[in-house]
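Shown next: work_7.csv, given as CSV, N, CA and C atoms.
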```csv
chain,number,residue,atom,x,y,z
A,1,MET,N,20.5,27.1,-17.9
A,1,MET,CA,20.3,25.7,-18.2
A,1,MET,C,21.0,24.8,-17.1
A,2,LYS,N,22.1,25.2,-16.7
A,2,LYS,CA,22.8,24.4,-15.6
A,2,LYS,C,22.0,24.4,-14.3
A,3,LYS,N,21.4,25.6,-14.0
A,3,LYS,CA,20.6,25.7,-12.8
A,3,LYS,C,19.4,24.8,-12.9
A,4,THR,N,18.7,24.7,-14.0
A,4,THR,CA,17.6,23.8,-14.2
A,4,THR,C,18.0,22.3,-14.0
A,5,ILE,N,19.1,21.9,-14.6
A,5,ILE,CA,19.6,20.6,-14.4
A,5,ILE,C,19.9,20.3,-13.0
A,6,LEU,N,20.6,21.2,-12.3
A,6,LEU,CA,20.9,21.0,-10.9
A,6,LEU,C,19.7,20.9,-10.0
A,7,ILE,N,18.7,21.7,-10.3
A,7,ILE,CA,17.4,21.6,-9.5
A,7,ILE,C,16.7,20.3,-9.8
A,8,SER,N,16.7,19.9,-11.0
A,8,SER,CA,16.1,18.6,-11.3
A,8,SER,C,16.8,17.4,-10.7
A,9,ILE,N,18.1,17.4,-10.7
A,9,ILE,CA,18.9,16.4,-10.0
A,9,ILE,C,18.6,16.3,-8.5
A,10,ILE,N,18.6,17.5,-7.9
A,10,ILE,CA,18.3,17.6,-6.5
A,10,ILE,C,16.9,17.0,-6.1
A,11,ILE,N,15.9,17.4,-6.9
A,11,ILE,CA,14.5,17.0,-6.7
A,11,ILE,C,14.4,15.5,-6.8
A,12,PHE,N,15.0,14.9,-7.9
A,12,PHE,CA,14.9,13.5,-8.1
A,12,PHE,C,15.7,12.7,-7.0
A,13,SER,N,16.8,13.2,-6.6
A,13,SER,CA,17.6,12.5,-5.6
A,13,SER,C,16.9,12.6,-4.2
A,14,LEU,N,16.2,13.6,-3.9
A,14,LEU,CA,15.5,13.7,-2.6
A,14,LEU,C,14.1,13.2,-2.6
A,15,ALA,N,13.6,12.8,-3.8
A,15,ALA,CA,12.2,12.3,-3.9
A,15,ALA,C,12.1,11.0,-3.2
A,16,GLY,N,13.1,10.3,-2.9
A,16,GLY,CA,13.0,9.0,-2.2
A,16,GLY,C,13.2,9.1,-0.7
A,17,CYS,N,13.0,10.2,-0.1
A,17,CYS,CA,13.3,10.4,1.3
A,17,CYS,C,12.1,9.9,2.2
A,18,THR,N,10.9,10.0,1.8
A,18,THR,CA,9.8,9.6,2.6
A,18,THR,C,9.7,8.1,2.6
A,19,SER,N,9.1,7.6,3.7
A,19,SER,CA,9.0,6.1,3.9
A,19,SER,C,7.7,5.6,3.3
A,20,ALA,N,6.9,6.5,2.7
A,20,ALA,CA,5.6,6.1,2.1
A,20,ALA,C,5.8,5.1,1.0
A,21,GLN,N,4.8,4.2,0.8
A,21,GLN,CA,4.9,3.2,-0.2
A,21,GLN,C,3.6,3.3,-1.1
A,22,LYS,N,3.8,2.8,-2.3
A,22,LYS,CA,2.6,2.7,-3.2
A,22,LYS,C,1.9,1.4,-2.9
A,23,ALA,N,0.7,1.2,-3.3
A,23,ALA,CA,-0.1,0.0,-3.0
A,23,ALA,C,0.5,-1.2,-3.6
A,24,SER,N,1.1,-1.0,-4.8
A,24,SER,CA,1.7,-2.1,-5.5
A,24,SER,C,3.0,-2.6,-4.8
A,25,GLU,N,3.6,-1.8,-4.0
A,25,GLU,CA,4.8,-2.2,-3.3
A,25,GLU,C,4.5,-2.9,-1.9
A,26,VAL,N,3.3,-2.9,-1.5
A,26,VAL,CA,2.9,-3.5,-0.2
A,26,VAL,C,2.9,-5.0,-0.3
A,27,ASN,N,3.6,-5.7,0.5
A,27,ASN,CA,3.6,-7.2,0.5
A,27,ASN,C,2.5,-7.7,1.5
A,28,ALA,N,2.0,-8.8,1.2
A,28,ALA,CA,1.0,-9.4,2.1
A,28,ALA,C,1.6,-9.9,3.4
A,29,VAL,N,0.8,-9.8,4.5
A,29,VAL,CA,1.2,-10.4,5.8
A,29,VAL,C,0.4,-11.6,5.9
A,30,ARG,N,1.1,-12.7,6.1
A,30,ARG,CA,0.5,-14.0,6.2
A,30,ARG,C,-0.6,-14.1,7.2
A,31,ALA,N,-1.8,-14.6,6.8
A,31,ALA,CA,-2.9,-14.7,7.6
A,31,ALA,C,-3.2,-16.2,7.8
A,32,PRO,N,-3.7,-16.7,9.0
A,32,PRO,CA,-4.0,-18.1,9.2
A,32,PRO,C,-5.1,-18.6,8.3
A,33,ILE,N,-4.9,-19.8,7.8
A,33,ILE,CA,-5.9,-20.3,6.8
A,33,ILE,C,-7.0,-21.1,7.6
A,34,ALA,N,-6.7,-21.6,8.8
A,34,ALA,CA,-7.7,-22.4,9.5
A,34,ALA,C,-9.1,-21.9,9.5
A,35,PRO,N,-9.4,-20.7,9.8
A,35,PRO,CA,-10.8,-20.2,9.9
A,35,PRO,C,-11.5,-20.4,8.5
A,36,TYR,N,-10.7,-20.2,7.4
A,36,TYR,CA,-11.3,-20.3,6.1
A,36,TYR,C,-11.5,-21.7,5.6
A,37,LEU,N,-10.8,-22.7,6.2
A,37,LEU,CA,-11.0,-24.1,5.8
A,37,LEU,C,-12.3,-24.6,6.2
A,38,LYS,N,-12.9,-24.0,7.2
A,38,LYS,CA,-14.2,-24.4,7.7
A,38,LYS,C,-15.4,-23.9,6.9
A,39,MET,N,-15.1,-23.0,6.0
A,39,MET,CA,-16.1,-22.3,5.2
A,39,MET,C,-16.5,-23.1,3.9
A,40,SER,N,-17.7,-22.9,3.5
A,40,SER,CA,-18.1,-23.6,2.2
A,40,SER,C,-17.5,-22.8,1.1
A,41,CYS,N,-17.6,-23.4,-0.1
A,41,CYS,CA,-17.1,-22.7,-1.3
A,41,CYS,C,-17.9,-21.3,-1.5
A,42,LYS,N,-19.2,-21.4,-1.3
A,42,LYS,CA,-20.0,-20.2,-1.5
A,42,LYS,C,-19.5,-19.1,-0.5
A,43,GLU,N,-19.3,-19.5,0.7
A,43,GLU,CA,-18.9,-18.5,1.8
A,43,GLU,C,-17.5,-18.0,1.4
A,44,LEU,N,-16.6,-18.8,0.9
A,44,LEU,CA,-15.3,-18.4,0.5
A,44,LEU,C,-15.3,-17.4,-0.6
A,45,ALA,N,-16.2,-17.7,-1.6
A,45,ALA,CA,-16.3,-16.8,-2.7
A,45,ALA,C,-16.8,-15.4,-2.3
A,46,THR,N,-17.8,-15.4,-1.3
A,46,THR,CA,-18.3,-14.1,-0.8
A,46,THR,C,-17.2,-13.4,0.0
A,47,GLU,N,-16.5,-14.1,0.8
A,47,GLU,CA,-15.4,-13.5,1.6
A,47,GLU,C,-14.3,-12.9,0.6
A,48,GLN,N,-14.0,-13.7,-0.4
A,48,GLN,CA,-13.1,-13.2,-1.4
A,48,GLN,C,-13.5,-11.9,-2.1
A,49,SER,N,-14.8,-11.8,-2.4
A,49,SER,CA,-15.3,-10.6,-3.0
A,49,SER,C,-15.2,-9.4,-2.1
A,50,LEU,N,-15.6,-9.7,-0.8
A,50,LEU,CA,-15.5,-8.6,0.2
A,50,LEU,C,-14.0,-8.1,0.4
A,51,LEU,N,-13.1,-9.1,0.4
A,51,LEU,CA,-11.7,-8.7,0.6
A,51,LEU,C,-11.2,-8.0,-0.6
A,52,ILE,N,-11.6,-8.3,-1.8
A,52,ILE,CA,-11.2,-7.6,-3.0
A,52,ILE,C,-11.6,-6.1,-2.9
A,53,LYS,N,-12.9,-5.9,-2.5
A,53,LYS,CA,-13.4,-4.5,-2.4
A,53,LYS,C,-12.6,-3.8,-1.3
A,54,ASP,N,-12.3,-4.5,-0.2
A,54,ASP,CA,-11.6,-3.8,0.9
A,54,ASP,C,-10.1,-3.5,0.4
A,55,ALA,N,-9.5,-4.4,-0.3
A,55,ALA,CA,-8.2,-4.2,-0.8
A,55,ALA,C,-8.1,-3.0,-1.8
A,56,GLU,N,-9.1,-2.9,-2.7
A,56,GLU,CA,-9.2,-1.8,-3.6
A,56,GLU,C,-9.3,-0.5,-2.8
A,57,ALA,N,-10.2,-0.4,-1.8
A,57,ALA,CA,-10.3,0.8,-1.0
A,57,ALA,C,-9.0,1.1,-0.3
A,58,ALA,N,-8.5,0.1,0.4
A,58,ALA,CA,-7.2,0.3,1.1
A,58,ALA,C,-6.1,0.7,0.2
A,59,GLY,N,-6.0,0.1,-1.0
A,59,GLY,CA,-5.0,0.5,-1.9
A,59,GLY,C,-5.1,1.9,-2.4
A,60,ALA,N,-6.3,2.4,-2.6
A,60,ALA,CA,-6.6,3.8,-3.0
A,60,ALA,C,-6.1,4.7,-1.9
A,61,LYS,N,-6.3,4.4,-0.6
A,61,LYS,CA,-5.9,5.2,0.5
A,61,LYS,C,-4.4,5.2,0.6
A,62,VAL,N,-3.7,4.1,0.4
A,62,VAL,CA,-2.3,4.0,0.4
A,62,VAL,C,-1.7,4.9,-0.7
A,63,ASP,N,-2.3,4.8,-1.9
A,63,ASP,CA,-1.8,5.6,-3.0
A,63,ASP,C,-2.0,7.1,-2.8
A,64,ASP,N,-3.2,7.4,-2.3
A,64,ASP,CA,-3.4,8.8,-2.0
A,64,ASP,C,-2.4,9.4,-0.9
A,65,SER,N,-2.2,8.6,0.1
A,65,SER,CA,-1.3,9.0,1.1
A,65,SER,C,0.2,9.1,0.6
A,66,TYR,N,0.5,8.2,-0.3
A,66,TYR,CA,1.8,8.2,-1.0
A,66,TYR,C,2.0,9.5,-1.8
A,67,SER,N,1.0,9.8,-2.6
A,67,SER,CA,1.0,11.0,-3.4
A,67,SER,C,1.1,12.3,-2.6
A,68,SER,N,0.4,12.3,-1.5
A,68,SER,CA,0.4,13.5,-0.6
A,68,SER,C,1.8,13.7,0.0
A,69,ASP,N,2.4,12.6,0.5
A,69,ASP,CA,3.7,12.6,1.1
A,69,ASP,C,4.7,13.1,0.1
A,70,LYS,N,4.7,12.5,-1.1
A,70,LYS,CA,5.7,12.9,-2.2
A,70,LYS,C,5.5,14.4,-2.5
A,71,THR,N,4.3,14.9,-2.6
A,71,THR,CA,4.1,16.3,-2.9
A,71,THR,C,4.6,17.2,-1.8
A,72,ALA,N,4.3,16.8,-0.6
A,72,ALA,CA,4.7,17.6,0.6
A,72,ALA,C,6.3,17.6,0.7
A,73,GLU,N,6.8,16.4,0.3
A,73,GLU,CA,8.3,16.3,0.3
A,73,GLU,C,8.9,17.3,-0.7
A,74,VAL,N,8.4,17.3,-1.9
A,74,VAL,CA,9.0,18.2,-2.9
A,74,VAL,C,8.8,19.7,-2.5
A,75,VAL,N,7.6,20.0,-2.1
A,75,VAL,CA,7.3,21.4,-1.7
A,75,VAL,C,8.2,21.7,-0.5
A,76,GLY,N,8.4,20.8,0.4
A,76,GLY,CA,9.2,21.0,1.6
A,76,GLY,C,10.7,21.3,1.2
A,77,TRP,N,11.2,20.5,0.3
A,77,TRP,CA,12.6,20.7,-0.2
A,77,TRP,C,12.8,22.0,-0.9
A,78,LEU,N,11.7,22.4,-1.6
A,78,LEU,CA,11.9,23.7,-2.4
A,78,LEU,C,11.6,24.9,-1.6
A,79,ILE,N,10.7,24.8,-0.7
A,79,ILE,CA,10.2,26.0,0.0
A,79,ILE,C,10.5,26.0,1.5
A,80,LEU,N,10.0,25.0,2.2
A,80,LEU,CA,10.0,25.0,3.7
A,80,LEU,C,10.6,23.7,4.2
A,81,TRP,N,11.9,23.6,4.1
A,81,TRP,CA,12.5,22.3,4.4
A,81,TRP,C,12.3,21.8,5.9
A,82,PRO,N,12.0,22.7,6.8
A,82,PRO,CA,11.7,22.2,8.2
A,82,PRO,C,10.4,21.4,8.3
A,83,THR,N,9.5,21.6,7.3
A,83,THR,CA,8.3,20.8,7.3
A,83,THR,C,8.5,19.3,7.0
A,84,LEU,N,9.7,19.0,6.5
A,84,LEU,CA,10.0,17.6,6.1
A,84,LEU,C,10.1,16.7,7.4
A,85,PHE,N,10.3,17.3,8.5
A,85,PHE,CA,10.4,16.6,9.7
A,85,PHE,C,9.0,16.1,10.2
A,86,PHE,N,7.9,16.6,9.6
A,86,PHE,CA,6.6,16.2,10.0
A,86,PHE,C,5.9,15.3,9.0
A,87,ILE,N,6.6,14.9,8.0
A,87,ILE,CA,6.1,13.9,7.0
A,87,ILE,C,6.1,12.5,7.7
A,88,GLU,N,5.0,11.9,7.8
A,88,GLU,CA,4.9,10.6,8.6
A,88,GLU,C,5.0,9.4,7.8
A,89,GLY,N,4.8,9.4,6.5
A,89,GLY,CA,4.7,8.2,5.7
A,89,GLY,C,3.3,7.7,5.7
A,90,ASN,N,3.1,6.5,5.2
A,90,ASN,CA,1.8,5.9,5.2
A,90,ASN,C,1.8,4.5,5.8
A,91,GLN,N,2.5,4.3,6.9
A,91,GLN,CA,2.7,3.0,7.5
A,91,GLN,C,1.4,2.4,7.9
A,92,GLU,N,0.5,3.1,8.5
A,92,GLU,CA,-0.8,2.6,9.0
A,92,GLU,C,-1.6,2.1,7.9
A,93,GLU,N,-1.7,2.8,6.8
A,93,GLU,CA,-2.5,2.4,5.6
A,93,GLU,C,-1.8,1.1,5.0
A,94,THR,N,-0.5,1.1,4.9
A,94,THR,CA,0.1,-0.1,4.3
A,94,THR,C,0.0,-1.3,5.1
A,95,GLN,N,0.0,-1.2,6.4
A,95,GLN,CA,-0.2,-2.3,7.3
A,95,GLN,C,-1.6,-2.9,7.1
A,96,LYS,N,-2.6,-2.1,7.0
A,96,LYS,CA,-4.0,-2.5,6.8
A,96,LYS,C,-4.1,-3.3,5.4
A,97,LEU,N,-3.5,-2.7,4.4
A,97,LEU,CA,-3.5,-3.3,3.1
A,97,LEU,C,-2.7,-4.6,3.1
A,98,ALA,N,-1.6,-4.7,3.8
A,98,ALA,CA,-0.8,-5.9,3.9
A,98,ALA,C,-1.7,-7.0,4.5
A,99,ALA,N,-2.4,-6.7,5.6
A,99,ALA,CA,-3.3,-7.7,6.3
A,99,ALA,C,-4.4,-8.2,5.3
A,100,ILE,N,-5.0,-7.3,4.6
A,100,ILE,CA,-6.0,-7.7,3.7
A,100,ILE,C,-5.5,-8.6,2.6
A,101,LYS,N,-4.3,-8.2,2.0
A,101,LYS,CA,-3.7,-9.1,1.0
A,101,LYS,C,-3.4,-10.5,1.6
A,102,GLY,N,-3.0,-10.5,2.8
A,102,GLY,CA,-2.7,-11.8,3.5
A,102,GLY,C,-4.0,-12.6,3.6
A,103,GLN,N,-5.1,-12.0,4.0
A,103,GLN,CA,-6.4,-12.7,4.1
A,103,GLN,C,-6.8,-13.2,2.7
A,104,MET,N,-6.6,-12.4,1.7
A,104,MET,CA,-6.9,-12.8,0.3
A,104,MET,C,-6.2,-14.1,-0.1
A,105,GLU,N,-4.9,-14.1,0.3
A,105,GLU,CA,-4.1,-15.3,0.0
A,105,GLU,C,-4.6,-16.5,0.7
A,106,ALA,N,-5.0,-16.3,2.0
A,106,ALA,CA,-5.5,-17.4,2.8
A,106,ALA,C,-6.8,-17.9,2.2
A,107,VAL,N,-7.7,-17.1,1.8
A,107,VAL,CA,-8.9,-17.5,1.2
A,107,VAL,C,-8.7,-18.2,-0.1
A,108,ALA,N,-7.8,-17.7,-0.9
A,108,ALA,CA,-7.4,-18.4,-2.2
A,108,ALA,C,-6.9,-19.8,-1.9
A,109,GLU,N,-6.0,-19.9,-0.9
A,109,GLU,CA,-5.5,-21.2,-0.5
A,109,GLU,C,-6.5,-22.2,0.0
A,110,ALA,N,-7.5,-21.6,0.8
A,110,ALA,CA,-8.6,-22.5,1.3
A,110,ALA,C,-9.5,-22.9,0.2
A,111,MET,N,-9.7,-22.1,-0.8
A,111,MET,CA,-10.5,-22.4,-2.0
A,111,MET,C,-9.8,-23.6,-2.7
A,112,LYS,N,-8.5,-23.5,-2.9
A,112,LYS,CA,-7.8,-24.5,-3.6
A,112,LYS,C,-7.9,-25.8,-2.8
A,113,ILE,N,-7.6,-25.8,-1.5
A,113,ILE,CA,-7.7,-27.0,-0.7
A,113,ILE,C,-9.1,-27.6,-0.7
A,114,ASN,N,-10.1,-26.8,-0.7
A,114,ASN,CA,-11.5,-27.3,-0.7
A,114,ASN,C,-12.0,-27.6,-2.1
A,115,LYS,N,-11.1,-27.5,-3.0
A,115,LYS,CA,-11.4,-27.7,-4.4
A,115,LYS,C,-12.6,-27.0,-4.9
A,116,CYS,N,-12.6,-25.7,-4.6
A,116,CYS,CA,-13.7,-24.8,-5.1
A,116,CYS,C,-13.3,-24.3,-6.5
A,117,THR,N,-14.3,-24.2,-7.3
A,117,THR,CA,-14.0,-23.6,-8.7
A,117,THR,C,-14.6,-22.2,-8.7
A,118,SER,N,-13.9,-21.3,-9.4
A,118,SER,CA,-14.4,-20.0,-9.5
A,118,SER,C,-15.1,-19.9,-10.8
A,119,ASN,N,-16.3,-19.4,-10.7
A,119,ASN,CA,-17.2,-19.2,-11.9
A,119,ASN,C,-17.3,-17.8,-12.2
```
Once you've parsed the file, please lay out its structure as structure tokens.
Amino acid sequence: MKKTILISIIIFSLAGCTSAQKASEVNAVRAPIAPYLKMSCKELATEQSLLIKDAEAAGAKVDDSYSSDKTAEVVGWLILWPTLFFIEGNQEETQKLAAIKGQMEAVAEAMKINKCTSN
């Protein structure tokens, strides 16, 4: 029983070692609003729809990468600890998602300034 508790404590304490993030933890990177202010409400709505699809796809990639890193980390600690040096995190995926989130915020702000209504 003590052995199981000790192993559980070790796994949970080491589970935070990777730098990978979940999609929900990624913050937006501010995007310039100027290009969007020149767009019509219809164009903004279309752009917003495309960005939502891109964000969903990028978020799925971020979450998949996060899961893979966490799994590799646990396996590494239990079996092959030297493999832990090769876990890279998901920084590239999170940067892309952060940029998309920033664009979504800029579009939403442009829609508000242009007094667009969402239907």
Using all atoms listed in the file, determine which residues lie at most 7 Å from Leu51 of chain A, disregarding the query and same-chain residues fewer than 4 positions distant; provide the list as a PDB file with N, CA and C atoms, in the coordinates of the input.
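Output saved as around-v3.pdb:
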```
ATOM      1  N   THR A  46     -17.800 -15.400  -1.300  1.00  0.00           N
ATOM      2  CA  THR A  46     -18.300 -14.100  -0.800  1.00  0.00           C
ATOM      3  C   THR A  46     -17.200 -13.400   0.000  1.00  0.00           C
ATOM      4  N   GLU A  47     -16.500 -14.100   0.800  1.00  0.00           N
ATOM      5  CA  GLU A  47     -15.400 -13.500   1.600  1.00  0.00           C
ATOM      6  C   GLU A  47     -14.300 -12.900   0.600  1.00  0.00           C
ATOM      7  N   ALA A  55      -9.500  -4.400  -0.300  1.00  0.00           N
ATOM      8  CA  ALA A  55      -8.200  -4.200  -0.800  1.00  0.00           C
ATOM      9  C   ALA A  55      -8.100  -3.000  -1.800  1.00  0.00           C
ATOM     10  N   GLU A  56      -9.100  -2.900  -2.700  1.00  0.00           N
ATOM     11  CA  GLU A  56      -9.200  -1.800  -3.600  1.00  0.00           C
ATOM     12  C   GLU A  56      -9.300  -0.500  -2.800  1.00  0.00           C
ATOM     13  N   ILE A 100      -5.000  -7.300   4.600  1.00  0.00           N
ATOM     14  CA  ILE A 100      -6.000  -7.700   3.700  1.00  0.00           C
ATOM     15  C   ILE A 100      -5.500  -8.600   2.600  1.00  0.00           C
ATOM     16  N   GLN A 103      -5.100 -12.000   4.000  1.00  0.00           N
ATOM     17  CA  GLN A 103      -6.400 -12.700   4.100  1.00  0.00           C
ATOM     18  C   GLN A 103      -6.800 -13.200   2.700  1.00  0.00           C
ATOM     19  N   MET A 104      -6.600 -12.400   1.700  1.00  0.00           N
ATOM     20  CA  MET A 104      -6.900 -12.800   0.300  1.00  0.00           C
ATOM     21  C   MET A 104      -6.200 -14.100  -0.100  1.00  0.00           C
TER      22      MET A 104
END
```
*Skipping near chain neighbours, those fewer than 6 positions away, what residues fall within 6.5 Å of Glu93 of chain A using all atoms listed in the file, listed as a VMD selection string?*
chain A and resid 58 61 to 62
Atom pair atom N of Pro35 of chain A / atom CA of Lys53 of chain A: separation (Å):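 Atom CA of Lys53 of chain A lies 20.7 Å from atom N of Pro35 of chain A.
In terms of minimum interatomic distance to Thr117 of chain A, A:Cys41 ranks closest within A:Cys41, A:Ala20, A:Ile33, A:Ala98, counting only N, CA and C atoms.
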Atom pair atom CA of Asn27 of chain A + atom CA of Ser40 of chain A, distance 27.3 Å
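Among the candidate residues A:Leu37, A:Ala31, A:Val26, A:Leu44, the one lying nearest to Ile113 of chain A is A:Leu37, with distances computed using only N, CA and C atoms.
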Atom pair atom CA of Ala99 of chain A + atom N of Val29 of chain A, distance 4.9 Å
